[in-house]
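Before any comments, here is the structure.
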Amino acid sequence: RHFANIPPGPKPWPVVGNFGGFIIPSFIQRRLGQRSESADVMKNALVILTEQANIYGNVYSLFVGSQLIVVLNGYEVVKDALSNHPEVFSDRPDIPAVTIMTKRKGIVFAPYGPIWKKQRKFCHTILRNFGLGKLSFEPCILQGLATIKTELLRQNETSGGAGVNLAPLISNAVSNVICSMILGQRFHHEDREFRTLLDLMERGLEICVNSPAVLINIFPLLYYLPFGVFKELRQVEGDITSFLKRIIAKHQETLDPENPRDLVDMYLMEMLAQQAAGEKDSSFTDDYLFYIVGDLFIAGTDTTTNSILWILLYMVLYPDIQDMVQAEIDEVVGRHRGPSMTDKGSLPFTEATIMEVQRLTVVVPLGIPHMASKTTVFRGHTIPKGTVILPNLWSVHRDPTLWEDPDGFNPARFLDDDGKLLRKECFIPFGIGRRVCMGEQLAKMELFLTVTSLLQAFKFRLPEGMPPPPLHGRFGLTLSPCPYTVCVSTRS
Ligand code: HEM
């Protein structure tokens with residue numbers, strides 16, 4: 001009955017639904033060894049998802065298997081659902097592959113309700129307070145940047161002109177910020193334990209997004225198959241679990257309530273405080289802590305790393321904009337000290353450039369799926385309880401009615417006539433509403449400090465004769481740039 005007035009949409013394939021049209025060709029291409037082509041198929045999926053709105057309207061439906069999905073397109077519709085109707089659209093769906101791994105605990109995939117609210121509030125406060133005082137993020141980010149600079153120069157010299165792949169350097173530094181915040185420890189970029197954790201997480205994500213393991217979402221029992229990527233997925237999951245559980249146990253043994261070292265310590269202290277207060281049904285447990293730690297790693301590393309990689313790629317492709325950013329940094333910061341957060345307000349062109357790259361590349365292009373927690377009528381359509389809601393953030397940032405020449409790269413669109421930064425309501429790469437990104441402030445700090453420090457120190461360019469990588473990127477859990485290398489020269 002509830003399906004009578006659902007939003008219109010394309011006709012689904014039998015059994016697999018509409019995503020058969022995207023995923024199955026992608027697998028066939030992978031089988032044929034056309035790896036980059038498969039990334040193209042996924043990227044095209046993004047463009048196709050946005051174009052469907054021209055046919056069916058800004059609220060349209062799709063099916064994955066028999067699961068109804070409603071795609072929200074354009075700023076007005078996304079805002080209307082997530083900001084104006086938060087009680088209906090702030091839940092998260094039960095996605096079989098994700099539920100198997102997260103047990104719907106933690107923050108990112110936790111159902112909307114009092115437990116999620118308490119956990120998010122507690123972690124958000126810690127994240128905000130980390131920006132201040134002795135646990136400030138800034139020195140931690142700057143420390144990672146010093147390593148990047150040294151390594152970048154070293155690898156540039158030994159590359160024989162082939163250039164340096166920035167991805168591992170940036171990813172290590174970003175992961176180390178999360179490690180410092182959560183686990184109170186930094187790792188040397190060649191540390192075996194640290195590398196193993198990063199490799200495991202990367203492999204786990206790769207399997208979940210870009211292998212037949214996605215079929216677990218349609219046939220959950222596939223997860224238990226004793227061979228292939230299914231077995232490997234369980235192995236990777238087990239290895240990450242024992243790594244994180246070991247670290248949490250070590251924190252429990254060495255906890256000094258007078259001197260909390262990191263988020264894990266503060267969480268353990270909150271657990272003890274709630275026990276002392278006689279809270280019998282407290283959701284603050286070491287089990288929950290484990291999933292929160294995992295969440296922050298997954299949510300805070302790939303997103304920030306890819307955003308930085310995109311910004312540096314655009315700087316290489318638009319050397320005149322790189323020159324303008326460097327001129328602004330030279331004028332405001334000079335060359336005798338490094339940039340700091342206090343410079344942020346005085347570097348509007350640099351900020352506008354970062355925002356413009358974020359707008360064009362939207363690293364979480366479909367947000368994180370939401371779910372309708374009750375049957376509702378939204379914009380004239382019935383949305384049944386349990387419908388998966390995909391906020392198409394990509395469509396918001398390419399909407400020609402909001403952005404002039406939306407496919408063009410033009411940082412000046414974020415500046416007024418006096419060169420001051422313009423805040424645009426429809427710029428929402430971190431999402432909107434009650435589930436808005438919890439790490440937005442930290443991520444912005446990392447983007448600003450990394451971009452200004454690296455551009456102050458180096459001129460970036462593509463290696464001689466190297467064609468630029470295609471700008472469509474690769475769409476997995478996040479949208480990452482296609483692999484590229486850069487040559488750097490020290491700015492005198
Ligand atoms: C959620 C973007 C960095 C933690 C999200 C969402 C987006 C997003 C679009 C989904 C919002 C929704 O569901 O409607 C980004 C971008 C980042 C970034 C573009 C970097 C440039 C970070 C960092 C952290 C973080 C550094 C933590 C340290 C989270 C968490 C959620 C989230 C915990 C889930 C919030 C909830 O469900 O209540 N992010 N994020 N993110 N992000 Fe980020």
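Here's how to read the names in the structure tokens: chain A, B, ... by the order shown, residue numbers from 1 in each chain, ligand numbers from 1 in the order shown.
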### Task
Using only C-alpha atoms and all ligand atoms, find each residue with an atom at most 8 Å away from ligand 1 and format the answer as JSON, numbers by chain.
{"A": [82, 90, 92, 107, 108, 109, 110, 116, 120, 127, 178, 295, 296, 297, 299, 300, 301, 302, 303, 304, 305, 306, 307, 308, 358, 362, 363, 364, 365, 366, 367, 368, 369, 370, 391, 393, 428, 429, 430, 431, 432, 433, 434, 435, 436, 437, 438, 439, 440, 441, 442, 443, 444, 447]}
Take the selection from the previous step and output its residues with N, CA and C atoms, as a compact mmCIF listing (two decimals), in the first residue's frame.
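Final file, result_10.txt:
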# COMPACT_ATOMS: atom_id res chain seq x y z
N LEU A 82 16.73 17.06 5.34
CA LEU A 82 17.64 16.83 6.48
C LEU A 82 17.57 17.91 7.55
N SER A 90 16.75 11.50 9.89
CA SER A 90 18.10 11.46 10.48
C SER A 90 18.55 10.05 10.86
N ARG A 92 19.75 6.03 10.26
CA ARG A 92 20.64 5.34 9.32
C ARG A 92 20.05 3.99 8.96
N ILE A 107 29.05 5.82 16.06
CA ILE A 107 28.29 7.04 15.74
C ILE A 107 27.79 7.04 14.31
N VAL A 108 28.69 6.74 13.36
CA VAL A 108 28.37 6.95 11.95
C VAL A 108 27.15 6.15 11.51
N PHE A 109 27.08 4.88 11.86
CA PHE A 109 25.96 4.04 11.41
C PHE A 109 24.99 3.69 12.53
N ALA A 110 25.10 4.39 13.66
CA ALA A 110 24.17 4.12 14.77
C ALA A 110 22.79 4.66 14.43
N TRP A 116 22.70 7.27 20.27
CA TRP A 116 23.52 8.00 19.28
C TRP A 116 23.77 9.43 19.75
N ARG A 120 27.39 10.91 20.43
CA ARG A 120 27.86 11.96 19.52
C ARG A 120 28.20 13.23 20.31
N LEU A 127 36.19 16.48 20.72
CA LEU A 127 36.81 16.94 19.47
C LEU A 127 36.97 18.45 19.48
N ILE A 178 44.65 11.58 13.63
CA ILE A 178 43.58 10.80 14.28
C ILE A 178 44.18 9.92 15.38
N ASP A 295 35.07 4.11 13.89
CA ASP A 295 34.33 5.13 13.13
C ASP A 295 35.19 6.34 12.82
N LEU A 296 35.89 6.82 13.87
CA LEU A 296 36.65 8.06 13.68
C LEU A 296 37.81 7.84 12.70
N PHE A 297 38.40 6.65 12.75
CA PHE A 297 39.44 6.32 11.78
C PHE A 297 38.88 6.33 10.36
N ALA A 299 35.99 7.58 9.21
CA ALA A 299 35.37 8.84 8.76
C ALA A 299 36.41 9.95 8.59
N GLY A 300 37.51 9.88 9.36
CA GLY A 300 38.41 11.04 9.42
C GLY A 300 39.67 10.94 8.57
N THR A 301 39.94 9.78 7.98
CA THR A 301 41.22 9.68 7.26
C THR A 301 41.06 9.83 5.74
N ASP A 302 40.31 8.93 5.13
CA ASP A 302 40.16 8.96 3.67
C ASP A 302 39.59 10.29 3.17
N THR A 303 38.59 10.80 3.88
CA THR A 303 37.93 12.05 3.48
C THR A 303 38.93 13.20 3.42
N THR A 304 39.68 13.36 4.53
CA THR A 304 40.61 14.49 4.62
C THR A 304 41.78 14.29 3.65
N THR A 305 42.31 13.06 3.60
CA THR A 305 43.44 12.79 2.69
C THR A 305 43.04 13.12 1.25
N ASN A 306 41.88 12.63 0.82
CA ASN A 306 41.49 12.87 -0.57
C ASN A 306 41.22 14.34 -0.84
N SER A 307 40.68 15.05 0.13
CA SER A 307 40.45 16.49 -0.08
C SER A 307 41.78 17.19 -0.32
N ILE A 308 42.80 16.86 0.49
CA ILE A 308 44.12 17.52 0.32
C ILE A 308 44.72 17.14 -1.03
N GLN A 358 36.83 21.89 -3.00
CA GLN A 358 35.86 21.03 -2.29
C GLN A 358 34.52 21.00 -3.02
N VAL A 362 33.62 17.29 -4.19
CA VAL A 362 32.75 16.67 -3.18
C VAL A 362 33.18 15.24 -2.80
N VAL A 363 34.11 15.12 -1.86
CA VAL A 363 34.71 13.79 -1.61
C VAL A 363 33.74 12.76 -1.03
N VAL A 364 32.62 13.23 -0.43
CA VAL A 364 31.59 12.26 -0.01
C VAL A 364 30.35 12.59 -0.86
N PRO A 365 30.38 12.22 -2.15
CA PRO A 365 29.40 12.79 -3.09
C PRO A 365 27.95 12.42 -2.82
N LEU A 366 27.73 11.25 -2.21
CA LEU A 366 26.33 10.87 -1.92
C LEU A 366 26.08 10.90 -0.41
N GLY A 367 26.90 11.65 0.31
CA GLY A 367 26.78 11.70 1.77
C GLY A 367 26.92 10.30 2.35
N ILE A 368 26.39 10.10 3.53
CA ILE A 368 26.30 8.77 4.13
C ILE A 368 24.79 8.48 4.13
N PRO A 369 24.38 7.27 3.72
CA PRO A 369 22.93 7.04 3.58
C PRO A 369 22.14 7.35 4.85
N HIS A 370 20.99 7.98 4.68
CA HIS A 370 20.04 8.20 5.77
C HIS A 370 18.90 7.21 5.60
N PRO A 391 21.32 11.60 0.08
CA PRO A 391 21.41 13.03 -0.25
C PRO A 391 22.52 13.22 -1.28
N LEU A 393 24.94 15.07 -2.64
CA LEU A 393 25.69 16.31 -2.39
C LEU A 393 26.40 16.77 -3.67
N ILE A 428 27.80 22.71 1.02
CA ILE A 428 27.62 21.77 2.14
C ILE A 428 28.40 20.45 1.94
N PRO A 429 29.73 20.53 1.69
CA PRO A 429 30.47 19.27 1.49
C PRO A 429 30.49 18.41 2.75
N PHE A 430 30.19 18.99 3.93
CA PHE A 430 30.18 18.22 5.17
C PHE A 430 28.76 17.79 5.54
N GLY A 431 27.83 17.96 4.61
CA GLY A 431 26.45 17.57 4.89
C GLY A 431 25.71 18.68 5.62
N ILE A 432 24.51 18.35 6.07
CA ILE A 432 23.63 19.35 6.70
C ILE A 432 22.67 18.60 7.63
N GLY A 433 22.18 19.29 8.65
CA GLY A 433 21.20 18.67 9.55
C GLY A 433 21.87 18.01 10.76
N ARG A 434 21.11 17.17 11.45
CA ARG A 434 21.59 16.62 12.73
C ARG A 434 22.77 15.66 12.56
N ARG A 435 22.88 15.07 11.36
CA ARG A 435 23.97 14.12 11.11
C ARG A 435 25.17 14.79 10.44
N VAL A 436 25.19 16.13 10.42
CA VAL A 436 26.29 16.83 9.76
C VAL A 436 27.62 16.31 10.30
N CYS A 437 28.66 16.34 9.45
CA CYS A 437 29.97 15.79 9.83
C CYS A 437 30.41 16.28 11.21
N MET A 438 30.86 15.33 12.02
CA MET A 438 31.29 15.68 13.37
C MET A 438 32.72 16.22 13.38
N GLY A 439 33.48 15.94 12.30
CA GLY A 439 34.90 16.35 12.28
C GLY A 439 35.15 17.56 11.40
N GLU A 440 34.06 18.32 11.10
CA GLU A 440 34.21 19.44 10.15
C GLU A 440 35.32 20.42 10.58
N GLN A 441 35.33 20.80 11.85
CA GLN A 441 36.32 21.81 12.27
C GLN A 441 37.74 21.27 12.16
N LEU A 442 37.91 20.02 12.60
CA LEU A 442 39.24 19.41 12.50
C LEU A 442 39.67 19.30 11.04
N ALA A 443 38.76 18.85 10.18
CA ALA A 443 39.10 18.68 8.76
C ALA A 443 39.49 20.02 8.15
N LYS A 444 38.74 21.07 8.47
CA LYS A 444 39.05 22.39 7.89
C LYS A 444 40.43 22.86 8.34
N LEU A 447 43.02 20.89 6.34
CA LEU A 447 43.12 21.36 4.95
C LEU A 447 43.89 22.67 4.91
Near-stretch 3-11 of chain A list (7 Å; only C-alpha atoms; drop same-chain fewer than 5 positions) as a short mmCIF file (atom, residue, chain, number, x, y, z; two decimals) with N, CA and C atoms, in the first residue's frame:
data_model
loop_
_atom_site.label_atom_id
_atom_site.label_comp_id
_atom_site.auth_asym_id
_atom_site.auth_seq_id
_atom_site.Cartn_x
_atom_site.Cartn_y
_atom_site.Cartn_z
N TYR A 56 13.24 12.48 -13.80
CA TYR A 56 12.21 12.09 -12.81
C TYR A 56 11.93 13.16 -11.75
N VAL A 59 13.29 14.50 -6.52
CA VAL A 59 13.09 13.41 -5.56
C VAL A 59 12.70 12.19 -6.39
N TYR A 60 13.62 11.25 -6.58
CA TYR A 60 13.25 10.09 -7.39
C TYR A 60 13.69 8.80 -6.70
N SER A 61 13.17 7.66 -7.21
CA SER A 61 13.43 6.40 -6.50
C SER A 61 14.23 5.41 -7.35
N LEU A 62 14.94 4.53 -6.65
CA LEU A 62 15.71 3.44 -7.26
C LEU A 62 15.52 2.22 -6.37
N HIS A 381 5.20 13.12 -2.35
CA HIS A 381 5.41 11.69 -2.54
C HIS A 381 5.38 10.97 -1.19
N THR A 382 4.91 9.70 -1.23
CA THR A 382 4.97 8.91 -0.01
C THR A 382 6.36 8.29 0.10
N ILE A 383 6.99 8.48 1.26
CA ILE A 383 8.28 7.84 1.51
C ILE A 383 8.02 6.83 2.63
#
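Closest approach to A:Pro260 among A:Met181, A:Leu233, A:Val209, A:Leu312: A:Met181, based on only C-alpha atoms.
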### Task
Rank A:Ile247, A:Leu166, A:Ile126, A:Val396 by their smallest atom-to-atom distance to A:Leu263, using only C-alpha atoms, and report the top residue only.
A:Ile126
Spatial neighbours of stretch 333-348 of chain A, 12 Å, only C-alpha atoms, chain gap at least 2 places, as a tab-separated table (two decimals) with N, CA and C atoms, in the first residue's frame:
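Saved result, out18.tsv, follows:
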chain	number	residue	atom	x	y	z
A	131	GLY	N	40.72	21.10	20.09
A	131	GLY	CA	41.24	22.23	19.32
A	131	GLY	C	41.93	23.24	20.23
A	132	LEU	N	41.72	23.11	21.52
A	132	LEU	CA	42.23	24.12	22.46
A	132	LEU	C	43.23	23.48	23.42
A	136	SER	N	45.89	20.53	21.88
A	136	SER	CA	45.52	21.18	20.61
A	136	SER	C	45.98	20.37	19.40
A	137	PHE	N	45.14	20.43	18.36
A	137	PHE	CA	45.47	19.73	17.12
A	137	PHE	C	46.61	20.39	16.35
A	138	GLU	N	46.72	21.73	16.50
A	138	GLU	CA	47.60	22.46	15.58
A	138	GLU	C	49.04	21.96	15.61
A	139	PRO	N	49.68	21.85	16.80
A	139	PRO	CA	51.07	21.34	16.81
A	139	PRO	C	51.16	19.94	16.22
A	141	ILE	N	49.26	18.64	13.85
A	141	ILE	CA	49.19	18.71	12.38
A	141	ILE	C	50.53	19.22	11.83
A	142	LEU	N	51.08	20.25	12.51
A	142	LEU	CA	52.33	20.84	12.01
A	142	LEU	C	53.48	19.84	12.08
A	143	GLN	N	53.46	19.00	13.12
A	143	GLN	CA	54.52	17.98	13.24
A	143	GLN	C	54.49	17.03	12.03
A	145	LEU	N	53.37	17.76	9.15
A	145	LEU	CA	53.75	18.48	7.94
A	145	LEU	C	55.27	18.56	7.79
A	146	ALA	N	55.96	18.64	8.94
A	146	ALA	CA	57.43	18.68	8.88
A	146	ALA	C	57.94	17.39	8.24
A	324	MET	N	48.79	32.75	-7.31
A	324	MET	CA	48.01	33.74	-6.56
A	324	MET	C	47.90	33.36	-5.08
A	325	VAL	N	47.73	32.05	-4.82
A	325	VAL	CA	47.67	31.60	-3.41
A	325	VAL	C	49.02	31.88	-2.74
A	326	GLN	N	50.10	31.57	-3.47
A	326	GLN	CA	51.43	31.77	-2.87
A	326	GLN	C	51.71	33.25	-2.63
A	327	ALA	N	51.25	34.10	-3.56
A	327	ALA	CA	51.46	35.54	-3.37
A	327	ALA	C	50.74	36.01	-2.10
A	328	GLU	N	49.51	35.48	-1.88
A	328	GLU	CA	48.76	35.89	-0.69
A	328	GLU	C	49.47	35.39	0.58
A	329	ILE	N	49.95	34.16	0.55
A	329	ILE	CA	50.65	33.62	1.72
A	329	ILE	C	51.92	34.45	2.00
A	330	ASP	N	52.66	34.79	0.93
A	330	ASP	CA	53.88	35.58	1.10
A	330	ASP	C	53.57	36.93	1.75
A	331	GLU	N	52.46	37.54	1.28
A	331	GLU	CA	52.13	38.87	1.78
A	331	GLU	C	51.70	38.83	3.25
A	350	THR	N	43.10	32.10	-0.45
A	350	THR	CA	43.52	30.72	-0.20
A	350	THR	C	42.32	29.90	0.27
A	351	GLU	N	41.54	30.48	1.19
A	351	GLU	CA	40.35	29.78	1.69
A	351	GLU	C	39.35	29.54	0.56
A	352	ALA	N	39.17	30.56	-0.29
A	352	ALA	CA	38.22	30.43	-1.40
A	352	ALA	C	38.68	29.32	-2.35
A	353	THR	N	40.00	29.20	-2.52
A	353	THR	CA	40.53	28.16	-3.42
A	353	THR	C	40.26	26.77	-2.83
A	354	ILE	N	40.48	26.63	-1.53
A	354	ILE	CA	40.21	25.34	-0.88
A	354	ILE	C	38.72	24.99	-1.04
A	355	MET	N	37.86	25.98	-0.80
A	355	MET	CA	36.41	25.73	-0.89
A	355	MET	C	36.00	25.38	-2.32
A	356	GLU	N	36.61	26.08	-3.29
A	356	GLU	CA	36.22	25.81	-4.69
A	356	GLU	C	36.62	24.38	-5.09
A	411	PRO	N	37.85	30.10	-8.01
A	411	PRO	CA	37.81	30.42	-6.57
A	411	PRO	C	37.14	31.75	-6.28
A	412	ALA	N	37.18	32.68	-7.25
A	412	ALA	CA	36.63	34.02	-6.99
A	412	ALA	C	35.13	33.98	-6.70
A	413	ARG	N	34.45	32.88	-7.04
A	413	ARG	CA	33.01	32.82	-6.77
A	413	ARG	C	32.73	32.85	-5.25
A	414	PHE	N	33.77	32.54	-4.45
A	414	PHE	CA	33.59	32.56	-2.99
A	414	PHE	C	34.05	33.90	-2.39
A	415	LEU	N	34.32	34.91	-3.25
A	415	LEU	CA	34.78	36.21	-2.74
A	415	LEU	C	33.82	37.31	-3.16
A	416	ASP	N	33.69	38.34	-2.32
A	416	ASP	CA	32.85	39.48	-2.75
A	416	ASP	C	33.73	40.48	-3.51
A	418	ASP	N	35.09	43.10	-2.63
A	418	ASP	CA	36.25	43.62	-1.88
A	418	ASP	C	37.26	42.51	-1.58
A	419	GLY	N	37.05	41.34	-2.15
A	419	GLY	CA	38.00	40.23	-1.92
A	419	GLY	C	37.76	39.53	-0.59
A	420	LYS	N	36.62	39.82	0.07
A	420	LYS	CA	36.34	39.15	1.35
A	420	LYS	C	35.62	37.83	1.09
A	421	LEU	N	35.82	36.88	2.01
A	421	LEU	CA	35.24	35.55	1.83
A	421	LEU	C	33.71	35.60	1.95
A	422	LEU	N	33.02	34.93	0.99
A	422	LEU	CA	31.57	34.84	1.04
A	422	LEU	C	31.17	33.49	1.61
A	423	ARG	N	30.32	33.47	2.63
A	423	ARG	CA	29.79	32.18	3.13
A	423	ARG	C	28.58	31.84	2.29
A	441	GLN	N	35.33	20.80	11.85
A	441	GLN	CA	36.32	21.81	12.27
A	441	GLN	C	37.74	21.27	12.16
A	442	LEU	N	37.91	20.02	12.60
A	442	LEU	CA	39.24	19.41	12.50
A	442	LEU	C	39.67	19.30	11.04
A	444	LYS	N	38.74	21.07	8.47
A	444	LYS	CA	39.05	22.39	7.89
A	444	LYS	C	40.43	22.86	8.34
A	445	MET	N	40.76	22.56	9.61
A	445	MET	CA	42.06	22.94	10.14
A	445	MET	C	43.17	22.19	9.38
A	446	GLU	N	42.94	20.91	9.16
A	446	GLU	CA	43.96	20.11	8.46
A	446	GLU	C	44.13	20.59	7.01
A	447	LEU	N	43.02	20.89	6.34
A	447	LEU	CA	43.12	21.36	4.95
A	447	LEU	C	43.89	22.67	4.91
A	448	PHE	N	43.51	23.60	5.79
A	448	PHE	CA	44.13	24.93	5.75
A	448	PHE	C	45.63	24.85	6.05
A	449	LEU	N	45.99	24.20	7.15
A	449	LEU	CA	47.41	24.17	7.54
A	449	LEU	C	48.25	23.41	6.52
A	450	THR	N	47.72	22.32	6.00
A	450	THR	CA	48.51	21.53	5.04
A	450	THR	C	48.72	22.30	3.75
A	451	VAL	N	47.64	22.87	3.23
A	451	VAL	CA	47.75	23.57	1.94
A	451	VAL	C	48.66	24.79	2.08
A	452	THR	N	48.46	25.60	3.12
A	452	THR	CA	49.28	26.82	3.24
A	452	THR	C	50.75	26.46	3.50
A	453	SER	N	51.00	25.47	4.36
A	453	SER	CA	52.41	25.14	4.68
A	453	SER	C	53.12	24.60	3.46
A	454	LEU	N	52.45	23.71	2.71
A	454	LEU	CA	53.13	23.11	1.55
A	454	LEU	C	53.31	24.14	0.43
A	455	LEU	N	52.32	25.00	0.23
A	455	LEU	CA	52.46	25.98	-0.86
A	455	LEU	C	53.43	27.10	-0.48
A	456	GLN	N	53.57	27.35	0.82
A	456	GLN	CA	54.58	28.33	1.22
A	456	GLN	C	55.98	27.80	0.91
A	457	ALA	N	56.16	26.50	1.11
A	457	ALA	CA	57.50	25.92	0.98
A	457	ALA	C	57.86	25.52	-0.45
A	458	PHE	N	56.87	25.05	-1.22
A	458	PHE	CA	57.20	24.45	-2.53
A	458	PHE	C	56.36	24.98	-3.67
A	490	THR	N	61.91	23.93	-4.18
A	490	THR	CA	61.83	24.77	-2.98
A	490	THR	C	61.71	26.23	-3.42
A	491	ARG	N	60.81	26.97	-2.77
A	491	ARG	CA	60.66	28.40	-3.10
A	491	ARG	C	61.73	29.17	-2.34
A	492	SER	N	62.51	29.95	-3.06
A	492	SER	CA	63.64	30.60	-2.39
A	492	SER	C	63.14	31.81	-1.63
### Task
For each of A:Gln275, A:Gln322, A:Asn54, A:Ser242, take the minimum atom-to-atom distance to A:Gly294, counting only C-alpha atoms, then give the residue where this is smallest.
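Checking each candidate against A:Gly294, we get A:Ser242 as the closest.
From atom CA of A:Asn172 back to atom CA of A:Ile148, the distance works out to 8.9 Å.
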#### Entry: Selected residue of minimal separation from A:Pro406 among A:Arg359, A:His188, A:Lys374, A:Arg379, counting only C-alpha atoms
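That would be A:Arg359, the residue with the smallest distance to A:Pro406.
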